>>> print(open('start08.pdb').read())   # PDB, C-alpha atoms, pLDDT in the B column
ATOM      1  CA  MET F1010      -0.734  -9.397  14.246  1.00 76.00           C
ATOM      2  CA  ASN F1011       0.901  -6.286  15.645  1.00 86.00           C
ATOM      3  CA  GLN F1012      -1.243  -3.815  17.558  1.00 91.00           C
ATOM      4  CA  ILE F1013      -0.463  -0.106  17.487  1.00 93.00           C
ATOM      5  CA  ASN F1014      -2.013   2.707  19.491  1.00 91.00           C
ATOM      6  CA  ARG F1015      -3.430   6.001  18.259  1.00 91.00           C
ATOM      7  CA  GLU F1016      -0.201   7.869  18.943  1.00 92.00           C
ATOM      8  CA  GLU F1017       1.835   5.476  16.793  1.00 93.00           C
ATOM      9  CA  PHE F1018      -0.702   5.399  13.977  1.00 95.00           C
ATOM     10  CA  CYS F1019      -1.598   9.103  13.817  1.00 95.00           C
ATOM     11  CA  GLN F1020       1.720  10.573  14.973  1.00 95.00           C
ATOM     12  CA  GLY F1021      -0.015  13.831  15.830  1.00 95.00           C
ATOM     13  CA  TYR F1022      -1.856  14.201  12.496  1.00 97.00           C
ATOM     14  CA  SER F1023      -5.620  14.624  12.120  1.00 97.00           C
ATOM     15  CA  PRO F1024      -7.527  12.161   9.848  1.00 97.00           C
ATOM     16  CA  ASP F1025      -7.633  14.700   6.996  1.00 96.00           C
ATOM     17  CA  LYS F1026      -3.822  14.913   7.043  1.00 97.00           C
ATOM     18  CA  ILE F1027      -3.275  11.136   6.989  1.00 98.00           C
ATOM     19  CA  PHE F1028      -3.207   9.487   3.555  1.00 98.00           C
ATOM     20  CA  VAL F1029      -3.395   5.780   2.749  1.00 98.00           C
ATOM     21  CA  THR F1030      -2.498   4.095  -0.550  1.00 98.00           C
ATOM     22  CA  SER F1031      -1.045   0.883  -1.930  1.00 98.00           C
ATOM     23  CA  ASP F1032       0.385  -0.939  -4.940  1.00 98.00           C
ATOM     24  CA  LEU F1033       2.268   1.766  -6.800  1.00 97.00           C
ATOM     25  CA  HIS F1034       4.247  -0.864  -8.733  1.00 97.00           C
ATOM     26  CA  LEU F1035       6.802   1.660  -9.968  1.00 96.00           C
ATOM     27  CA  TYR F1036       8.974   0.378 -12.843  1.00 95.00           C
ATOM     28  CA  HIS F1037       6.548  -2.499 -13.474  1.00 95.00           C
ATOM     29  CA  THR F1038       5.690  -2.400 -17.169  1.00 95.00           C
ATOM     30  CA  ASN F1039       3.470  -5.497 -17.037  1.00 95.00           C
ATOM     31  CA  ILE F1040       1.198  -3.941 -14.413  1.00 96.00           C
ATOM     32  CA  ILE F1041      -0.055  -1.657 -17.203  1.00 97.00           C
ATOM     33  CA  LYS F1042      -1.418  -4.712 -19.010  1.00 96.00           C
ATOM     34  CA  TYR F1043      -2.512  -6.664 -15.911  1.00 96.00           C
ATOM     35  CA  CYS F1044      -4.563  -3.794 -14.453  1.00 96.00           C
ATOM     36  CA  ASN F1045      -5.445  -1.945 -17.642  1.00 95.00           C
ATOM     37  CA  ARG F1046      -3.617   1.172 -16.489  1.00 96.00           C
ATOM     38  CA  GLN F1047      -4.024   4.204 -18.719  1.00 95.00           C
ATOM     39  CA  PHE F1048      -0.544   4.090 -20.254  1.00 97.00           C
ATOM     40  CA  GLU F1049       1.075   2.607 -23.333  1.00 97.00           C
ATOM     41  CA  TYR F1050       2.320  -0.922 -22.706  1.00 97.00           C
ATOM     42  CA  SER F1051       5.996  -0.147 -23.271  1.00 97.00           C
ATOM     43  CA  PRO F1052       9.081   1.067 -21.375  1.00 95.00           C
ATOM     44  CA  LYS F1053       8.128   4.611 -22.387  1.00 97.00           C
ATOM     45  CA  GLY F1054       4.614   4.107 -21.017  1.00 97.00           C
ATOM     46  CA  CYS F1055       6.063   2.708 -17.792  1.00 96.00           C
ATOM     47  CA  ALA F1056       8.244   5.806 -17.363  1.00 96.00           C
ATOM     48  CA  GLN F1057       5.149   7.979 -17.891  1.00 97.00           C
ATOM     49  CA  MET F1058       3.273   5.907 -15.309  1.00 97.00           C
ATOM     50  CA  ASN F1059       6.058   6.382 -12.761  1.00 97.00           C
ATOM     51  CA  GLU F1060       6.026  10.144 -13.265  1.00 97.00           C
ATOM     52  CA  PHE F1061       2.216  10.294 -13.110  1.00 97.00           C
ATOM     53  CA  ILE F1062       2.170   8.451  -9.775  1.00 97.00           C
ATOM     54  CA  LEU F1063       4.973  10.551  -8.293  1.00 97.00           C
ATOM     55  CA  LYS F1064       3.099  13.723  -9.242  1.00 96.00           C
ATOM     56  CA  LYS F1065       0.042  12.408  -7.369  1.00 97.00           C
ATOM     57  CA  PHE F1066       2.144  12.449  -4.205  1.00 97.00           C
ATOM     58  CA  GLY F1067       3.326  15.934  -5.081  1.00 95.00           C
ATOM     59  CA  GLU F1068      -0.300  17.106  -4.885  1.00 96.00           C
ATOM     60  CA  LEU F1069      -0.586  16.112  -1.215  1.00 96.00           C
ATOM     61  CA  PRO F1070      -0.175  18.705   1.555  1.00 95.00           C
ATOM     62  CA  GLU F1071       3.465  19.220   2.479  1.00 89.00           C
ATOM     63  CA  ASP F1072       2.880  18.472   6.161  1.00 93.00           C
ATOM     64  CA  CYS F1073       1.092  15.126   6.302  1.00 97.00           C
ATOM     65  CA  LEU F1074       1.526  11.435   7.073  1.00 98.00           C
ATOM     66  CA  ILE F1075       1.378   8.767   4.354  1.00 98.00           C
ATOM     67  CA  TRP F1076       0.735   5.090   5.017  1.00 98.00           C
ATOM     68  CA  ASN F1077       1.819   2.936   2.060  1.00 98.00           C
ATOM     69  CA  LEU F1078       0.440  -0.610   2.222  1.00 98.00           C
ATOM     70  CA  GLY F1079       3.059  -2.225   0.031  1.00 96.00           C
ATOM     71  CA  ASP F1080       4.324  -3.175  -3.418  1.00 97.00           C
ATOM     72  CA  VAL F1081       6.273   0.005  -3.984  1.00 96.00           C
ATOM     73  CA  PHE F1082       8.358  -1.028  -6.984  1.00 93.00           C
ATOM     74  CA  LEU F1083       9.214  -4.064  -9.072  1.00 87.00           C
ATOM     75  CA  ASN F1084      12.483  -5.790  -8.254  1.00 73.00           C
ATOM     76  CA  LEU F1085      14.441  -4.956 -11.391  1.00 68.00           C
ATOM     77  CA  ARG F1086      18.018  -3.821 -11.880  1.00 73.00           C
ATOM     78  CA  ILE F1087      17.213  -0.259 -10.929  1.00 83.00           C
ATOM     79  CA  GLU F1088      19.886   1.921  -9.424  1.00 86.00           C
ATOM     80  CA  GLU F1089      19.291   2.350  -5.724  1.00 89.00           C
ATOM     81  CA  SER F1090      19.800   6.096  -6.088  1.00 91.00           C
ATOM     82  CA  ARG F1091      16.793   6.295  -8.451  1.00 92.00           C
ATOM     83  CA  ILE F1092      14.555   4.486  -5.959  1.00 92.00           C
ATOM     84  CA  MET F1093      15.752   6.705  -3.120  1.00 94.00           C
ATOM     85  CA  ASN F1094      15.093   9.795  -5.223  1.00 95.00           C
ATOM     86  CA  ASP F1095      11.551   8.575  -6.014  1.00 95.00           C
ATOM     87  CA  ILE F1096      10.833   7.969  -2.334  1.00 96.00           C
ATOM     88  CA  MET F1097      12.172  11.400  -1.426  1.00 95.00           C
ATOM     89  CA  ARG F1098       9.898  12.938  -4.082  1.00 94.00           C
ATOM     90  CA  MET F1099       6.917  11.154  -2.521  1.00 95.00           C
ATOM     91  CA  LYS F1100       7.904  12.227   0.967  1.00 94.00           C
ATOM     92  CA  LYS F1101       9.159  15.763   0.428  1.00 90.00           C
ATOM     93  CA  ASN F1102       8.586  17.245   3.926  1.00 87.00           C
ATOM     94  CA  ARG F1103       6.132  14.500   4.813  1.00 95.00           C
ATOM     95  CA  LYS F1104       6.335  11.348   6.893  1.00 97.00           C
ATOM     96  CA  MET F1105       5.788   8.039   5.115  1.00 98.00           C
ATOM     97  CA  ASN F1106       5.404   4.586   6.653  1.00 98.00           C
ATOM     98  CA  LEU F1107       5.309   1.226   4.874  1.00 98.00           C
ATOM     99  CA  ILE F1108       3.676  -2.134   5.438  1.00 98.00           C
ATOM    100  CA  LEU F1109       5.690  -4.497   3.255  1.00 97.00           C
ATOM    101  CA  GLY F1110       3.912  -6.179   0.340  1.00 96.00           C
ATOM    102  CA  ASN F1111       4.729  -9.436  -1.433  1.00 93.00           C
ATOM    103  CA  HIS F1112       6.729  -7.671  -4.174  1.00 92.00           C
ATOM    104  CA  ASP F1113       8.714  -5.746  -1.570  1.00 92.00           C
ATOM    105  CA  PHE F1114      10.002  -9.013  -0.128  1.00 90.00           C
ATOM    106  CA  ARG F1115      11.607  -9.741  -3.516  1.00 86.00           C
ATOM    107  CA  ALA F1116      13.809  -6.649  -3.394  1.00 85.00           C
ATOM    108  CA  ARG F1117      17.567  -7.129  -3.141  1.00 82.00           C
ATOM    109  CA  LYS F1118      18.175  -6.114   0.463  1.00 84.00           C
ATOM    110  CA  LYS F1119      21.949  -6.747   0.627  1.00 84.00           C
ATOM    111  CA  PRO F1120      23.996  -5.724   2.550  1.00 90.00           C
ATOM    112  CA  PHE F1121      21.074  -5.352   4.992  1.00 91.00           C
ATOM    113  CA  SER F1122      20.069  -8.430   6.957  1.00 91.00           C
ATOM    114  CA  ASN F1123      16.332  -7.699   6.865  1.00 94.00           C
ATOM    115  CA  TYR F1124      13.762  -5.832   4.805  1.00 94.00           C
ATOM    116  CA  ILE F1125      12.828  -3.385   7.543  1.00 95.00           C
ATOM    117  CA  ASP F1126      16.346  -1.965   7.674  1.00 96.00           C
ATOM    118  CA  TYR F1127      16.582  -1.957   3.872  1.00 94.00           C
ATOM    119  CA  PHE F1128      13.388   0.016   3.258  1.00 95.00           C
ATOM    120  CA  GLU F1129      14.196   2.449   6.068  1.00 96.00           C
ATOM    121  CA  HIS F1130      17.561   2.923   4.325  1.00 96.00           C
ATOM    122  CA  LEU F1131      15.649   3.742   1.117  1.00 95.00           C
ATOM    123  CA  GLY F1132      13.800   6.523   2.940  1.00 96.00           C
ATOM    124  CA  PHE F1133      10.668   5.238   4.687  1.00 97.00           C
ATOM    125  CA  ASP F1134      10.253   6.499   8.247  1.00 97.00           C
ATOM    126  CA  LYS F1135       8.813   3.302   9.733  1.00 97.00           C
ATOM    127  CA  VAL F1136       8.513  -0.113   8.114  1.00 97.00           C
ATOM    128  CA  TYR F1137       6.350  -3.008   9.299  1.00 97.00           C
ATOM    129  CA  MET F1138       6.448  -6.670   8.294  1.00 93.00           C
ATOM    130  CA  GLY F1139       2.783  -7.487   8.415  1.00 87.00           C
ATOM    131  CA  PRO F1140      -0.753  -6.477   9.357  1.00 96.00           C
ATOM    132  CA  LEU F1141      -1.290  -3.793  11.973  1.00 96.00           C
ATOM    133  CA  GLU F1142      -4.370  -3.551  14.166  1.00 95.00           C
ATOM    134  CA  PHE F1143      -5.408  -0.036  15.162  1.00 92.00           C
ATOM    135  CA  GLU F1144      -8.550   0.046  17.319  1.00 91.00           C
ATOM    136  CA  ASN F1145     -11.130  -1.813  15.165  1.00 93.00           C
ATOM    137  CA  ILE F1146      -9.176  -1.428  11.902  1.00 96.00           C
ATOM    138  CA  ILE F1147      -6.645  -3.851  10.428  1.00 97.00           C
ATOM    139  CA  PHE F1148      -4.185  -2.364   7.935  1.00 97.00           C
ATOM    140  CA  SER F1149      -2.519  -4.937   5.687  1.00 97.00           C
ATOM    141  CA  HIS F1150      -1.100  -5.486   2.243  1.00 97.00           C
ATOM    142  CA  GLU F1151      -3.076  -8.634   1.417  1.00 95.00           C
ATOM    143  CA  PRO F1152      -6.649  -8.914   2.684  1.00 95.00           C
ATOM    144  CA  VAL F1153      -6.916 -10.786   5.981  1.00 93.00           C
ATOM    145  CA  PHE F1154      -9.754 -13.024   7.075  1.00 92.00           C
ATOM    146  CA  ILE F1155     -12.320 -11.255   9.267  1.00 92.00           C
ATOM    147  CA  ASP F1156     -15.206 -13.094  10.877  1.00 89.00           C
ATOM    148  CA  SER F1157     -18.409 -11.335   9.856  1.00 88.00           C
ATOM    149  CA  GLY F1158     -19.575 -11.449  13.478  1.00 87.00           C
ATOM    150  CA  THR F1159     -16.978  -8.874  14.535  1.00 92.00           C
ATOM    151  CA  SER F1160     -16.810  -5.099  14.098  1.00 92.00           C
ATOM    152  CA  LEU F1161     -13.351  -5.256  12.530  1.00 95.00           C
ATOM    153  CA  VAL F1162     -12.601  -3.610   9.184  1.00 97.00           C
ATOM    154  CA  ASN F1163      -9.676  -4.416   6.896  1.00 97.00           C
ATOM    155  CA  ILE F1164      -7.977  -1.622   4.951  1.00 98.00           C
ATOM    156  CA  HIS F1165      -5.891  -3.437   2.341  1.00 98.00           C
ATOM    157  CA  GLY F1166      -4.028  -3.377  -0.939  1.00 97.00           C
ATOM    158  CA  HIS F1167      -2.882  -6.257  -3.185  1.00 96.00           C
ATOM    159  CA  THR F1168      -6.113  -6.857  -5.110  1.00 96.00           C
ATOM    160  CA  HIS F1169      -5.574  -3.854  -7.430  1.00 97.00           C
ATOM    161  CA  ASN F1170      -8.849  -3.091  -9.251  1.00 95.00           C
ATOM    162  CA  SER F1171     -10.681  -6.115  -7.832  1.00 94.00           C
ATOM    163  CA  MET F1172     -12.788  -5.819  -4.703  1.00 94.00           C
ATOM    164  CA  VAL F1173     -12.907  -8.506  -2.037  1.00 94.00           C
ATOM    165  CA  SER F1174     -15.960 -10.686  -2.607  1.00 92.00           C
ATOM    166  CA  GLU F1175     -17.754 -12.854  -0.059  1.00 92.00           C
ATOM    167  CA  ASP F1176     -16.037 -15.900  -1.629  1.00 89.00           C
ATOM    168  CA  TYR F1177     -12.512 -14.446  -1.503  1.00 89.00           C
ATOM    169  CA  PHE F1178     -11.259 -16.859   1.168  1.00 87.00           C
ATOM    170  CA  LEU F1179     -12.920 -19.947  -0.308  1.00 83.00           C
ATOM    171  CA  GLY F1180     -10.430 -20.422  -3.146  1.00 68.00           C
ATOM    172  CA  GLU F1181      -7.354 -22.613  -3.252  1.00 56.00           C
ATOM    173  CA  TYR F1182      -5.166 -19.501  -3.283  1.00 58.00           C
ATOM    174  CA  ASN F1183      -6.053 -18.761   0.346  1.00 60.00           C
ATOM    175  CA  LYS F1184      -5.258 -22.135   1.907  1.00 61.00           C
ATOM    176  CA  SER F1185      -4.058 -20.636   5.199  1.00 64.00           C
ATOM    177  CA  PHE F1186      -7.432 -19.020   5.967  1.00 63.00           C
ATOM    178  CA  PRO F1187     -10.722 -20.563   7.126  1.00 66.00           C
ATOM    179  CA  LYS F1188     -12.825 -21.513   4.141  1.00 71.00           C
ATOM    180  CA  LYS F1189     -15.720 -19.262   5.063  1.00 81.00           C
ATOM    181  CA  LYS F1190     -17.622 -16.506   3.354  1.00 87.00           C
ATOM    182  CA  ILE F1191     -16.960 -12.990   4.567  1.00 91.00           C
ATOM    183  CA  ASN F1192     -18.789  -9.654   4.508  1.00 94.00           C
ATOM    184  CA  PRO F1193     -17.312  -7.498   1.696  1.00 95.00           C
ATOM    185  CA  ALA F1194     -18.483  -4.363   3.532  1.00 94.00           C
ATOM    186  CA  GLN F1195     -15.724  -5.016   6.080  1.00 96.00           C
ATOM    187  CA  TYR F1196     -13.019  -4.524   3.399  1.00 97.00           C
ATOM    188  CA  ILE F1197     -11.804  -1.253   1.916  1.00 97.00           C
ATOM    189  CA  ASN F1198      -9.424  -1.405  -1.048  1.00 98.00           C
ATOM    190  CA  VAL F1199      -6.920   1.491  -1.115  1.00 98.00           C
ATOM    191  CA  CYS F1200      -4.970   0.318  -4.181  1.00 98.00           C
ATOM    192  CA  MET F1201      -4.083   2.920  -6.786  1.00 96.00           C
ATOM    193  CA  ASP F1202      -6.003   0.885  -9.384  1.00 97.00           C
ATOM    194  CA  ALA F1203      -9.211   0.752  -7.328  1.00 96.00           C
ATOM    195  CA  ASN F1204      -9.309   4.510  -6.763  1.00 95.00           C
ATOM    196  CA  HIS F1205      -8.360   5.967 -10.152  1.00 94.00           C
ATOM    197  CA  PHE F1206      -4.876   6.771  -8.782  1.00 96.00           C
ATOM    198  CA  ARG F1207      -6.387   8.964  -6.086  1.00 96.00           C
ATOM    199  CA  ILE F1208      -4.693   8.716  -2.692  1.00 97.00           C
ATOM    200  CA  MET F1209      -7.349   8.352  -0.006  1.00 97.00           C
ATOM    201  CA  THR F1210      -7.436  10.286   3.252  1.00 97.00           C
ATOM    202  CA  PHE F1211      -7.974   8.467   6.537  1.00 97.00           C
ATOM    203  CA  GLU F1212     -10.923  10.814   7.070  1.00 97.00           C
ATOM    204  CA  GLU F1213     -12.512   9.418   3.895  1.00 96.00           C
ATOM    205  CA  ILE F1214     -11.845   5.865   5.041  1.00 95.00           C
ATOM    206  CA  LEU F1215     -13.476   6.528   8.430  1.00 95.00           C
ATOM    207  CA  SER F1216     -16.512   7.916   6.606  1.00 93.00           C
ATOM    208  CA  LYS F1217     -16.765   4.741   4.516  1.00 89.00           C
ATOM    209  CA  ILE F1218     -16.595   2.646   7.689  1.00 90.00           C
ATOM    210  CA  GLU F1219     -19.306   4.693   9.407  1.00 87.00           C
ATOM    211  CA  ASN F1220     -21.602   4.416   6.374  1.00 81.00           C
ATOM    212  CA  SER F1221     -21.093   0.689   5.764  1.00 72.00           C
TER
END
>>> encode(input="start08.pdb", output="structure tokens")
Amino acid sequence: MNQINREEFCQGYSPDKIFVTSDLHLYHTNIIKYCNRQFEYSPKGCAQMNEFILKKFGELPEDCLIWNLGDVFLNLRIEESRIMNDIMRMKKNRKMNLILGNHDFRARKKPFSNYIDYFEHLGFDKVYMGPLEFENIIFSHEPVFIDSGTSLVNIHGHTHNSMVSEDYFLGEYNKSFPKKKINPAQYINVCMDANHFRIMTFEEILSKIENS
């Protein structure tokens, strides 16, 4: 797990000017059905979903930092210029970093040799391969195992509108983790689907941590 310091995480921004979100799933028609998103299950509905999400970014302050925790778009035959335009609309005059999600690793990265270079080429300022630990907070795409005896908190995506339960790491799906129960209070889901498409501020996340 990579550790980053306050300077690298905040980049000079206060908690109310840092935004955290995940799992946009742009161009993913089936996500409408899987997560019961509020759009018609059709290519037209998917286009409306894309525009709705992009406008959510347009509502953010112009000078801010966005942390995206992965699964930006579905790997379809989409022109690279369209993806780059979408990312530029999200960024505008902002900074935007990315922790790669499982869908992002399916993108066609050629002619780039790795996904970090590819997603920076698309427009992200900094791209990370996996979980980042900042002070007592772990930022990740998929939830990571946290021993309930620690003060660590996991800010994650991946689970969409499902919250991490105490049995999350007991299932066969999570074979690489200890088969132990966890404390759900140590997990905060920042997925679009878990927050009614609202993009959370880091200030709000810190408040949730303090009150848990």
>>> closest_residue(input="start08.pdb", among="F:Tyr1043, F:Ile1208, F:Leu1074, F:Lys1101", to="F:Lys1135", atoms="only C-alpha atoms")
F:Leu1074
>>> closest_residue(input="start08.pdb", among="F:Glu1016, F:Glu1089, F:Gly1158, F:His1034", to="F:Lys1119", atoms="only C-alpha atoms")
F:Glu1089
>>> atom_distance(input="start08.pdb", atom1="atom CA of F:Thr1030", atom2="atom CA of F:His1112")
15.4 Å
>>> closest_residue(input="start08.pdb", among="F:His1165, F:Arg1117, F:Lys1104, F:His1150", to="F:Gly1021", atoms="all atoms listed in the file")
F:Lys1104
>>> residues_around(input="start08.pdb", residues="stretch 1075-1082 of chain F", least_positions_apart="2", cutoff="6 Å", atoms="only C-alpha atoms", output="tab-separated table (two decimals) with C-alpha atoms, in the coordinates of the input")
chain	number	residue	atom	x	y	z
F	1027	ILE	CA	-3.28	11.14	6.99
F	1028	PHE	CA	-3.21	9.49	3.56
F	1029	VAL	CA	-3.40	5.78	2.75
F	1030	THR	CA	-2.50	4.10	-0.55
F	1031	SER	CA	-1.04	0.88	-1.93
F	1032	ASP	CA	0.38	-0.94	-4.94
F	1033	LEU	CA	2.27	1.77	-6.80
F	1034	HIS	CA	4.25	-0.86	-8.73
F	1035	LEU	CA	6.80	1.66	-9.97
F	1105	MET	CA	5.79	8.04	5.12
F	1106	ASN	CA	5.40	4.59	6.65
F	1107	LEU	CA	5.31	1.23	4.87
F	1108	ILE	CA	3.68	-2.13	5.44
F	1109	LEU	CA	5.69	-4.50	3.26
F	1110	GLY	CA	3.91	-6.18	0.34
F	1112	HIS	CA	6.73	-7.67	-4.17
F	1113	ASP	CA	8.71	-5.75	-1.57
F	1150	HIS	CA	-1.10	-5.49	2.24
>>> closest_residue(input="start08.pdb", among="F:Glu1142, F:Asp1025, F:Asp1202, F:Glu1219", to="F:Asn1045", atoms="all atoms listed in the file")
F:Asp1202
>>> resolve_selection(input="start08.pdb", expression="the PyMOL selection byres ((chain F and resi 1140) around 6)", output="VMD selection string")
chain F and resid 1010 1139 1141 1148 to 1149
>>> closest_atom_pairs(input="start08.pdb", of="stretch 1102-1140 of chain F", to="stretch 1095-1098 of chain F", cutoff="8 Å", atoms="all atoms listed in the file", output="tab-separated table")
residue	atom	partner	partner_atom	distance
F:Leu1131	CA	F:Ile1096	CA	7.3
F:Gly1132	CA	F:Ile1096	CA	6.2
F:Phe1133	CA	F:Ile1096	CA	7.5
>>> atom_distance(input="start08.pdb", atom1="atom CA of F:Lys1189", atom2="atom CA of F:Lys1217")
24.0 Å
>>> closest_residue(input="start08.pdb", among="F:Ser1122, F:Glu1129, F:Pro1193, F:Ile1087", to="F:Val1153", atoms="all atoms listed in the file")
F:Pro1193
>>> resolve_selection(input="start08.pdb", expression="the PyMOL selection byres ((chain F and resi 1058-1072) around 6)", output="list in words")
Leu1035, Cys1055, Ala1056, Gln1057, Cys1073, Met1099, Asn1102 and Arg1103 of chain F
>>> build_atoms(input="start08.pdb", residues="stretch 1106-1121 of chain F", atoms="N, CA, C and O atoms", output="compact mmCIF listing (two decimals), in the frame of the given file")
# COMPACT_ATOMS: atom_id res chain seq x y z
N ASN F 1106 5.20 5.91 6.09
CA ASN F 1106 5.40 4.59 6.65
C ASN F 1106 5.02 3.52 5.63
O ASN F 1106 4.26 3.78 4.71
N LEU F 1107 5.54 2.31 5.83
CA LEU F 1107 5.31 1.23 4.87
C LEU F 1107 4.97 -0.07 5.58
O LEU F 1107 5.65 -0.45 6.54
N ILE F 1108 3.91 -0.73 5.11
CA ILE F 1108 3.68 -2.13 5.44
C ILE F 1108 4.12 -2.93 4.22
O ILE F 1108 3.61 -2.72 3.12
N LEU F 1109 5.08 -3.80 4.39
CA LEU F 1109 5.69 -4.50 3.26
C LEU F 1109 4.68 -5.38 2.52
O LEU F 1109 3.89 -6.09 3.13
N GLY F 1110 4.74 -5.33 1.18
CA GLY F 1110 3.91 -6.18 0.34
C GLY F 1110 4.71 -7.34 -0.23
O GLY F 1110 5.93 -7.41 -0.06
N ASN F 1111 4.05 -8.24 -0.92
CA ASN F 1111 4.73 -9.44 -1.43
C ASN F 1111 5.84 -9.09 -2.42
O ASN F 1111 6.90 -9.72 -2.42
N HIS F 1112 5.67 -8.06 -3.25
CA HIS F 1112 6.73 -7.67 -4.17
C HIS F 1112 7.91 -7.04 -3.44
O HIS F 1112 9.06 -7.17 -3.88
N ASP F 1113 7.63 -6.38 -2.33
CA ASP F 1113 8.71 -5.75 -1.57
C ASP F 1113 9.67 -6.78 -0.98
O ASP F 1113 10.87 -6.52 -0.83
N PHE F 1114 9.16 -7.96 -0.68
CA PHE F 1114 10.00 -9.01 -0.13
C PHE F 1114 10.91 -9.63 -1.19
O PHE F 1114 11.76 -10.45 -0.88
N ARG F 1115 10.73 -9.24 -2.45
CA ARG F 1115 11.61 -9.74 -3.52
C ARG F 1115 12.74 -8.78 -3.82
O ARG F 1115 13.59 -9.04 -4.68
N ALA F 1116 12.75 -7.64 -3.14
CA ALA F 1116 13.81 -6.65 -3.39
C ALA F 1116 15.16 -7.19 -2.92
O ALA F 1116 15.23 -8.00 -2.00
N ARG F 1117 16.21 -6.73 -3.55
CA ARG F 1117 17.57 -7.13 -3.14
C ARG F 1117 17.97 -6.29 -1.94
O ARG F 1117 18.26 -5.10 -2.06
N LYS F 1118 17.97 -6.89 -0.76
CA LYS F 1118 18.18 -6.11 0.46
C LYS F 1118 19.64 -6.05 0.91
O LYS F 1118 19.97 -5.37 1.88
N LYS F 1119 20.54 -6.77 0.23
CA LYS F 1119 21.95 -6.75 0.63
C LYS F 1119 22.51 -5.33 0.54
O LYS F 1119 22.13 -4.57 -0.37
N PRO F 1120 23.38 -4.94 1.47
CA PRO F 1120 24.00 -5.72 2.55
C PRO F 1120 23.18 -5.76 3.83
O PRO F 1120 23.70 -6.19 4.88
N PHE F 1121 21.90 -5.37 3.78
CA PHE F 1121 21.07 -5.35 4.99
C PHE F 1121 20.57 -6.75 5.29
O PHE F 1121 20.25 -7.52 4.38
